[in-house]
Amino acid sequence: MAVEEEGLRVFQSVKIKIGEAKNLPTYPGPNKMRDCYCTVNLDQEEVFRTKIVEKSLCPFYGEDFYCEIPRSFRHLSFYIFDRDVFRRDSIIGKVAIQKEDLQKYHNRDTWFQLQHVDADSEVQGKVHLELRLSEVITDTGVVCHKLATRILECQGLPIVNGQCDPYATVTLAGPYRSEAKKTKVKKKTNNPQFDEVFYFEVTRPCSYSRKSHFDFEEEDVDKLEIRVDLWNASNLKFGDEFLGELRIPLKVLRQSSSYEAWYFLQPRDNGSKVLKPGDLGSLRLNVVYTEDHVFSSDYYSPLRELLLKSADVEPVSASTAHILGEVCREKQEAAIPLVRLFLHCGRVVPFISAIANAEVRRTQDPNTIFRGNSLTSKCIDETMKLAGMHYLHVTLKPTIEEICQSHKSCEIDPVKLKDGENLENNMENLRQYVDRIFNVITKSGVSCPTVMCDIFFSLREAAAKRFQDDLDVRYTAVSSFIFLRFFAPAILSPNLFQLTPHHTDPQTSRTLTLISKTIQTLGSLSKSKSASFKESYMAAFYEFFNEQKYADAVKNFLDLISSSGRRDPKSVEHPILLKEGFMIKRAQGRKRFGMKNFKKRWFRLTNHEFTYQKNKGDQPLYSIPIENILAVEKLEEESFKMKNMFQVIQPERALYIQANNCVEAKAWIDILTKVSQCNQKRLAVYHPSAYLNGHWLCCRASSDTAPGCSPCTGGLPANIQLDIDGDRETERIYSLFSLYMSKLEKMQEACGSRSVYDGPEQEEYSTFIIDDPQETYKTLKQVIARVGALEQEHAQYKRDKFKKTKYGSQEHPIGDKSFQSYIRQQSEVSTHSI
């Protein structure tokens, strides 16, 4: 979800690896151990939670989380909680990284000290304030100055214990005075509209003299400040909760008698003792935060055209896409945006076929085909991840879930057997699991996505043509991807492929490791399979599968998925589970006298229907066929004073649902929109607010069947897996070229050197694959020119924005450190250019 700016869309995403915590404080009880989990928060809104690691002061999480960030934020925060069965879970400590500091830790493991958490440091939101100084003549005829302080509104206050009933106190404070006033409490809103004015006398009447008629005393004003404190009105006995403060010295009124600005709320410095670092332990994190500034499509046309021609360039090593793979530090960096762009434009198969053919021609030994981390293998990995994720889920998820739940012992290493375990029983348990997973994989060929089949067909053809004497190479070229790089890794680490919500416990993880090894070997079709295991116990176990029927099943499966015939996707009859989880829904009023209250329900979405039930596994209480979904849209917060709500609009009524957080709401809206995108009766307009008390809150229309008053959000591709923004991917590719510009220039030098001196190449150039120096040089020249043009556009946009943007505006409140650093950078740029 992009944040719109003038002429630009800004996309934010974050990829996090939560490693481990160490040296957490001991529990004040006899066993001293804790049961801890970690949460990821945008400011104070939780968007992800790890599993609980029991009885440890150094818990290992090893969990990955990725999300598109749908709103602005100030801090990316991580909280370590200690689970308490009887009371509310207690917070041990937190790591809060300011948005502007995220680049410091970009993609590297970092240990962060945990910090203490208290109400005075947990602050978010902003305040709109106006100050006005005016002269007032008192009853005695003396002139004094009055300060009018107007609190207009606040935005983005935190929700404390499920509620937010905010009010503000306004204090005029100085060395010898402190005068406080208070706004009304605004119920059930974290965006309160106060619009209240408070008056304070700021110069003593006795200090008045006609000479200083229009001046207030410097010494007085220099020492005075307005302090605004935000509070959450609480019914609890321990008092109201502090939400943040701001302090404004009255010096701001020196230049003008009126002043108006937005401010970020700040934590309160209450002089509490600073605990020495390390008291609470530390947390290891790896954070990759990405911000893409995307122009309209026509800006990217020149670079995009160069990229999309890559499949047709001879040799392919002289193409723009291949050059990107050559200059990037890691092939994966290049593969991700390239594959996404080519998929979006329907050109991924010819591109991968071209680079695969070139790689096969360079391969000398059929046993090493596609075994390296080349651009080809990374591009195919990425394509399988995008196009094949639902295929993977349909094939493996039921069996993986059963293995995780049943906890059968499958250890076959005699050294690792626990007391009371039987080796033969464990072998039988493991054999049954391997058989089941092998069968579901080898019978899933008809469900393999068309784009994967087309790529496998081109790999098979290229390998068979290059190594005509090796009859098995047509199979190993395909199995090296589908078994070794798709199914086996997913079995080994199901949480990385969303097959399980968290990483598995040690026993289940060991079982999955043994299954993955066996499946990998079965799929590899190696000549001497038992010998391919280092461990003797694995070789002994593999004897179960040394039968021809397993090799035949693998070959039949590989033949099917590498055939060029396209299948009808509608032939898959079984419903595919796309998403499920608890949310809160509002009763729809289907019963004449039913209460329209809110209830927690388990929601389930397949490619056939959207249902909810009381608990997971129960019979559905209500079902909406996918073809009956007319639109899926956000619901304005004011409708029910509830955040993260959306509506699923059907012919007769709308179903109002609240998700747990903004990321989860976006995920549900996206996937529901995608599955219903091709419905013939989709709406063009909708009501952004609810129908309550006999009218629509948005347009005040009284009929519940009145047509919508706002246009529905833009369409998304019907193909669930491939919701790709081509302009955003081209912007990412431009950013990579820009980052590695020095390597592009070095590659240009290498081409010139090879063209002129056809002798031994210089060592510094030997890292590049250059088959045709002249063609490659031509492409490089075009790439550098087009990247330079985009660089100029970005620089011009920043200059224009710098001129227009005001510090203290709603977009950039006072206290916005990222904007302050941006101003410094722009000032430096302006100084250099002068």
# chains A, B, ... in the order shown; residues from 1 in each chain; ligands from 1

$ residues_around --residues "A:Asp454" --least-positions-apart "2" --cutoff "7 Å" --atoms "only C-alpha atoms" --output "PDB file with N, CA and C atoms, in the first residue's frame"
ATOM      1  N   VAL A 349       9.260 -16.354 -18.857  1.00  0.00           N
ATOM      2  CA  VAL A 349       9.682 -17.640 -19.445  1.00  0.00           C
ATOM      3  C   VAL A 349      10.759 -17.437 -20.522  1.00  0.00           C
ATOM      4  N   THR A 450       1.377 -23.235 -14.471  1.00  0.00           N
ATOM      5  CA  THR A 450       1.786 -23.258 -15.881  1.00  0.00           C
ATOM      6  C   THR A 450       3.143 -22.609 -16.100  1.00  0.00           C
ATOM      7  N   VAL A 451       3.382 -21.470 -15.431  1.00  0.00           N
ATOM      8  CA  VAL A 451       4.641 -20.756 -15.666  1.00  0.00           C
ATOM      9  C   VAL A 451       5.834 -21.612 -15.216  1.00  0.00           C
ATOM     10  N   MET A 452       5.678 -22.386 -14.142  1.00  0.00           N
ATOM     11  CA  MET A 452       6.756 -23.274 -13.696  1.00  0.00           C
ATOM     12  C   MET A 452       6.960 -24.397 -14.712  1.00  0.00           C
ATOM     13  N   PHE A 456      10.399 -25.311 -16.689  1.00  0.00           N
ATOM     14  CA  PHE A 456      10.995 -26.654 -16.584  1.00  0.00           C
ATOM     15  C   PHE A 456      11.151 -27.287 -17.972  1.00  0.00           C
ATOM     16  N   PHE A 457      10.194 -27.024 -18.857  1.00  0.00           N
ATOM     17  CA  PHE A 457      10.275 -27.549 -20.227  1.00  0.00           C
ATOM     18  C   PHE A 457      11.525 -27.009 -20.917  1.00  0.00           C
ATOM     19  N   SER A 458      11.779 -25.688 -20.756  1.00  0.00           N
ATOM     20  CA  SER A 458      12.952 -25.106 -21.431  1.00  0.00           C
ATOM     21  C   SER A 458      14.255 -25.615 -20.807  1.00  0.00           C
ATOM     22  N   SER A 562       7.312 -30.987 -16.713  1.00  0.00           N
ATOM     23  CA  SER A 562       8.172 -30.337 -17.702  1.00  0.00           C
ATOM     24  C   SER A 562       7.637 -30.538 -19.123  1.00  0.00           C
ATOM     25  N   SER A 564       5.169 -29.192 -22.193  1.00  0.00           N
ATOM     26  CA  SER A 564       4.863 -27.820 -22.602  1.00  0.00           C
ATOM     27  C   SER A 564       3.372 -27.562 -22.722  1.00  0.00           C
TER      28      SER A 564
END

$ residues_around --residues "stretch 288-305 of chain A" --least-positions-apart "4" --cutoff "8 Å" --atoms "only C-alpha atoms" --output "PDB file with N, CA, C and O atoms, in the first residue's frame"
ATOM      1  N   GLY A   7       2.723  13.565  -7.226  1.00  0.00           N
ATOM      2  CA  GLY A   7       3.474  13.022  -8.360  1.00  0.00           C
ATOM      3  C   GLY A   7       4.325  11.814  -8.031  1.00  0.00           C
ATOM      4  O   GLY A   7       5.162  11.419  -8.824  1.00  0.00           O
ATOM      5  N   LEU A   8       4.130  11.211  -6.844  1.00  0.00           N
ATOM      6  CA  LEU A   8       5.026  10.143  -6.399  1.00  0.00           C
ATOM      7  C   LEU A   8       4.273   9.213  -5.457  1.00  0.00           C
ATOM      8  O   LEU A   8       3.413   9.638  -4.697  1.00  0.00           O
ATOM      9  N   ARG A   9       4.600   7.922  -5.535  1.00  0.00           N
ATOM     10  CA  ARG A   9       4.077   6.966  -4.544  1.00  0.00           C
ATOM     11  C   ARG A   9       5.263   6.454  -3.722  1.00  0.00           C
ATOM     12  O   ARG A   9       6.304   6.137  -4.280  1.00  0.00           O
ATOM     13  N   VAL A  10       5.067   6.393  -2.410  1.00  0.00           N
ATOM     14  CA  VAL A  10       6.144   5.917  -1.530  1.00  0.00           C
ATOM     15  C   VAL A  10       5.715   4.584  -0.931  1.00  0.00           C
ATOM     16  O   VAL A  10       4.669   4.488  -0.281  1.00  0.00           O
ATOM     17  N   PHE A  11       6.506   3.536  -1.183  1.00  0.00           N
ATOM     18  CA  PHE A  11       6.244   2.214  -0.632  1.00  0.00           C
ATOM     19  C   PHE A  11       7.260   1.942   0.476  1.00  0.00           C
ATOM     20  O   PHE A  11       8.452   2.178   0.303  1.00  0.00           O
ATOM     21  N   GLN A  12       6.783   1.411   1.596  1.00  0.00           N
ATOM     22  CA  GLN A  12       7.675   1.033   2.690  1.00  0.00           C
ATOM     23  C   GLN A  12       7.503  -0.455   2.966  1.00  0.00           C
ATOM     24  O   GLN A  12       6.381  -0.952   3.001  1.00  0.00           O
ATOM     25  N   SER A  13       8.605  -1.148   3.172  1.00  0.00           N
ATOM     26  CA  SER A  13       8.509  -2.556   3.565  1.00  0.00           C
ATOM     27  C   SER A  13       9.641  -2.867   4.535  1.00  0.00           C
ATOM     28  O   SER A  13      10.663  -2.169   4.558  1.00  0.00           O
ATOM     29  N   VAL A  14       9.435  -3.895   5.342  1.00  0.00           N
ATOM     30  CA  VAL A  14      10.476  -4.279   6.291  1.00  0.00           C
ATOM     31  C   VAL A  14      10.558  -5.796   6.360  1.00  0.00           C
ATOM     32  O   VAL A  14       9.546  -6.497   6.310  1.00  0.00           O
ATOM     33  N   LYS A  15      11.808  -6.272   6.373  1.00  0.00           N
ATOM     34  CA  LYS A  15      12.066  -7.713   6.512  1.00  0.00           C
ATOM     35  C   LYS A  15      12.910  -7.868   7.768  1.00  0.00           C
ATOM     36  O   LYS A  15      13.968  -7.240   7.887  1.00  0.00           O
ATOM     37  N   ILE A  16      12.434  -8.688   8.698  1.00  0.00           N
ATOM     38  CA  ILE A  16      13.077  -8.781  10.014  1.00  0.00           C
ATOM     39  C   ILE A  16      13.405 -10.226  10.322  1.00  0.00           C
ATOM     40  O   ILE A  16      12.568 -11.122  10.108  1.00  0.00           O
ATOM     41  N   LEU A 102      17.113   3.306  10.852  1.00  0.00           N
ATOM     42  CA  LEU A 102      17.018   1.918  10.356  1.00  0.00           C
ATOM     43  C   LEU A 102      18.132   1.584   9.366  1.00  0.00           C
ATOM     44  O   LEU A 102      18.623   0.458   9.327  1.00  0.00           O
ATOM     45  N   GLN A 103      18.546   2.587   8.552  1.00  0.00           N
ATOM     46  CA  GLN A 103      19.587   2.316   7.556  1.00  0.00           C
ATOM     47  C   GLN A 103      20.936   1.965   8.199  1.00  0.00           C
ATOM     48  O   GLN A 103      21.751   1.272   7.610  1.00  0.00           O
ATOM     49  N   TYR A 105      21.488  -0.065  10.519  1.00  0.00           N
ATOM     50  CA  TYR A 105      21.555  -1.492  10.857  1.00  0.00           C
ATOM     51  C   TYR A 105      21.151  -2.369   9.660  1.00  0.00           C
ATOM     52  O   TYR A 105      20.885  -3.556   9.833  1.00  0.00           O
ATOM     53  N   HIS A 106      21.125  -1.761   8.463  1.00  0.00           N
ATOM     54  CA  HIS A 106      20.567  -2.427   7.283  1.00  0.00           C
ATOM     55  C   HIS A 106      21.224  -3.783   7.004  1.00  0.00           C
ATOM     56  O   HIS A 106      22.433  -3.868   6.776  1.00  0.00           O
ATOM     57  N   ASN A 107      20.431  -4.835   7.083  1.00  0.00           N
ATOM     58  CA  ASN A 107      20.820  -6.192   6.665  1.00  0.00           C
ATOM     59  C   ASN A 107      22.098  -6.686   7.338  1.00  0.00           C
ATOM     60  O   ASN A 107      22.932  -7.327   6.711  1.00  0.00           O
ATOM     61  N   LYS A 309      13.744  -6.219 -23.316  1.00  0.00           N
ATOM     62  CA  LYS A 309      14.363  -6.738 -24.556  1.00  0.00           C
ATOM     63  C   LYS A 309      15.425  -7.792 -24.252  1.00  0.00           C
ATOM     64  O   LYS A 309      15.967  -8.405 -25.166  1.00  0.00           O
ATOM     65  N   ASP A 727       6.080  -0.671 -12.009  1.00  0.00           N
ATOM     66  CA  ASP A 727       6.853   0.568 -11.848  1.00  0.00           C
ATOM     67  C   ASP A 727       7.722   0.492 -10.598  1.00  0.00           C
ATOM     68  O   ASP A 727       8.869   0.953 -10.595  1.00  0.00           O
ATOM     69  N   ARG A 728       7.172  -0.101  -9.538  1.00  0.00           N
ATOM     70  CA  ARG A 728       7.952  -0.224  -8.300  1.00  0.00           C
ATOM     71  C   ARG A 728       9.176  -1.122  -8.518  1.00  0.00           C
ATOM     72  O   ARG A 728      10.274  -0.834  -8.032  1.00  0.00           O
ATOM     73  N   THR A 730      10.727  -1.616 -11.381  1.00  0.00           N
ATOM     74  CA  THR A 730      11.697  -0.896 -12.226  1.00  0.00           C
ATOM     75  C   THR A 730      12.454   0.132 -11.389  1.00  0.00           C
ATOM     76  O   THR A 730      13.667   0.336 -11.575  1.00  0.00           O
ATOM     77  N   GLU A 731      11.758   0.772 -10.447  1.00  0.00           N
ATOM     78  CA  GLU A 731      12.426   1.719  -9.539  1.00  0.00           C
ATOM     79  C   GLU A 731      13.492   1.003  -8.706  1.00  0.00           C
ATOM     80  O   GLU A 731      14.589   1.520  -8.496  1.00  0.00           O
ATOM     81  N   ARG A 732      13.186  -0.227  -8.260  1.00  0.00           N
ATOM     82  CA  ARG A 732      14.179  -0.996  -7.483  1.00  0.00           C
ATOM     83  C   ARG A 732      15.402  -1.329  -8.339  1.00  0.00           C
ATOM     84  O   ARG A 732      16.534  -1.286  -7.864  1.00  0.00           O
ATOM     85  N   TYR A 734      16.439   0.379 -10.959  1.00  0.00           N
ATOM     86  CA  TYR A 734      17.171   1.650 -11.106  1.00  0.00           C
ATOM     87  C   TYR A 734      18.038   1.904  -9.864  1.00  0.00           C
ATOM     88  O   TYR A 734      19.210   2.289  -9.969  1.00  0.00           O
ATOM     89  N   VAL A 783      22.333   1.877 -20.524  1.00  0.00           N
ATOM     90  CA  VAL A 783      21.914   1.732 -19.122  1.00  0.00           C
ATOM     91  C   VAL A 783      22.368   2.952 -18.323  1.00  0.00           C
ATOM     92  O   VAL A 783      21.575   3.567 -17.584  1.00  0.00           O
ATOM     93  N   ARG A 786      20.292   6.028 -19.074  1.00  0.00           N
ATOM     94  CA  ARG A 786      18.899   6.003 -18.574  1.00  0.00           C
ATOM     95  C   ARG A 786      18.840   6.071 -17.048  1.00  0.00           C
ATOM     96  O   ARG A 786      17.936   6.673 -16.480  1.00  0.00           O
ATOM     97  N   VAL A 787      19.827   5.468 -16.402  1.00  0.00           N
ATOM     98  CA  VAL A 787      19.908   5.566 -14.942  1.00  0.00           C
ATOM     99  C   VAL A 787      20.218   7.017 -14.551  1.00  0.00           C
ATOM    100  O   VAL A 787      19.631   7.560 -13.602  1.00  0.00           O
ATOM    101  N   LEU A 790      17.068   9.155 -14.711  1.00  0.00           N
ATOM    102  CA  LEU A 790      16.196   8.938 -13.546  1.00  0.00           C
ATOM    103  C   LEU A 790      16.785   9.583 -12.294  1.00  0.00           C
ATOM    104  O   LEU A 790      16.051  10.116 -11.450  1.00  0.00           O
TER     105      LEU A 790
END

$ closest_residue --among "A:Pro267, A:Pro813, A:Pro337, A:Pro315" --to "A:Ala354" --atoms "only C-alpha atoms"
A:Pro315

$ closest_residue --among "A:Gln364, A:Asn31, A:Thr705, A:Thr399" --to "A:Gln432" --atoms "only C-alpha atoms"
A:Thr399

$ closest_residue --among "A:Thr171, A:Thr713, A:Asn190, A:Asn23" --to "A:Leu157" --atoms "only C-alpha atoms"
A:Asn190

$ atom_distance --atom1 "atom CA of A:Met741" --atom2 "atom CA of A:Arg340"
22.3 Å

$ select_by_dssp --residues "stretch 522-689 of chain A" --states "strand (DSSP E)" --output "PyMOL selection string"
chain A and resi 577-586+598-606+609-613+622-625+631-634+645-649+654-658+685-686

$ write_last_selection --atoms "C-alpha atoms" --output "mmCIF file, in the first residue's frame"
data_model
loop_
_atom_site.group_PDB
_atom_site.id
_atom_site.type_symbol
_atom_site.label_atom_id
_atom_site.label_comp_id
_atom_site.auth_asym_id
_atom_site.auth_seq_id
_atom_site.Cartn_x
_atom_site.Cartn_y
_atom_site.Cartn_z
ATOM 1 C CA LEU A 577 -7.211 -22.633 1.697
ATOM 2 C CA LEU A 578 -5.801 -19.122 1.197
ATOM 3 C CA LYS A 579 -5.995 -17.529 4.657
ATOM 4 C CA GLU A 580 -7.563 -18.073 8.077
ATOM 5 C CA GLY A 581 -7.558 -16.555 11.548
ATOM 6 C CA PHE A 582 -9.569 -14.909 14.332
ATOM 7 C CA MET A 583 -11.154 -11.487 13.728
ATOM 8 C CA ILE A 584 -14.077 -9.546 15.210
ATOM 9 C CA LYS A 585 -17.227 -9.165 13.123
ATOM 10 C CA ARG A 586 -20.356 -7.118 13.615
ATOM 11 C CA PHE A 598 -19.505 -7.528 17.891
ATOM 12 C CA LYS A 599 -18.244 -11.108 18.210
ATOM 13 C CA LYS A 600 -14.900 -12.864 17.780
ATOM 14 C CA ARG A 601 -15.046 -15.489 15.026
ATOM 15 C CA TRP A 602 -12.647 -17.796 13.148
ATOM 16 C CA PHE A 603 -12.577 -16.664 9.495
ATOM 17 C CA ARG A 604 -11.551 -18.921 6.643
ATOM 18 C CA LEU A 605 -10.991 -18.012 2.984
ATOM 19 C CA THR A 606 -10.687 -20.539 0.157
ATOM 20 C CA GLU A 609 -15.948 -19.240 -0.290
ATOM 21 C CA PHE A 610 -15.379 -16.920 2.674
ATOM 22 C CA THR A 611 -16.772 -18.334 5.930
ATOM 23 C CA TYR A 612 -16.729 -17.745 9.659
ATOM 24 C CA GLN A 613 -17.317 -20.100 12.556
ATOM 25 C CA TYR A 622 -22.106 -18.189 7.644
ATOM 26 C CA SER A 623 -20.681 -18.551 4.156
ATOM 27 C CA ILE A 624 -20.207 -16.049 1.313
ATOM 28 C CA PRO A 625 -19.501 -17.652 -2.090
ATOM 29 C CA ALA A 631 -16.220 -5.237 -3.202
ATOM 30 C CA VAL A 632 -13.776 -5.295 -0.274
ATOM 31 C CA GLU A 633 -12.927 -1.897 1.171
ATOM 32 C CA LYS A 634 -11.682 -0.188 4.326
ATOM 33 C CA MET A 645 -12.008 -2.259 10.142
ATOM 34 C CA PHE A 646 -12.981 -3.306 6.652
ATOM 35 C CA GLN A 647 -16.168 -4.367 4.867
ATOM 36 C CA VAL A 648 -17.002 -7.296 2.600
ATOM 37 C CA ILE A 649 -19.899 -6.064 0.450
ATOM 38 C CA ALA A 654 -22.089 -5.530 4.009
ATOM 39 C CA LEU A 655 -20.209 -7.620 6.567
ATOM 40 C CA TYR A 656 -18.157 -5.351 8.898
ATOM 41 C CA ILE A 657 -14.955 -6.928 10.252
ATOM 42 C CA GLN A 658 -12.143 -5.712 12.554
ATOM 43 C CA VAL A 685 -18.828 2.760 -6.032
ATOM 44 C CA TYR A 686 -19.306 1.999 -2.328
#

$ closest_residue --among "A:Val127, A:Ala587, A:Leu423, A:Cys453" --to "A:Cys154" --atoms "only C-alpha atoms"
A:Val127

$ select_by_dssp --residues "stretch 477-650 of chain A" --states "helix (DSSP H, G or I)" --output "PyMOL selection string"
chain A and resi 477-492+494-497+506-524+530-532+536-545+548-561+569-571+626-628+637-639

$ residues_around --residues "A:Lys99" --least-positions-apart "3" --cutoff "8 Å" --atoms "only C-alpha atoms" --output "MDAnalysis selection string"
chainID A and resid 73:76 102 818

$ residues_around --residues "stretch 35-40 of chain A" --least-positions-apart "3" --cutoff "8 Å" --atoms "only C-alpha atoms" --output "MDAnalysis selection string"
chainID A and resid 46:56 59 76:83
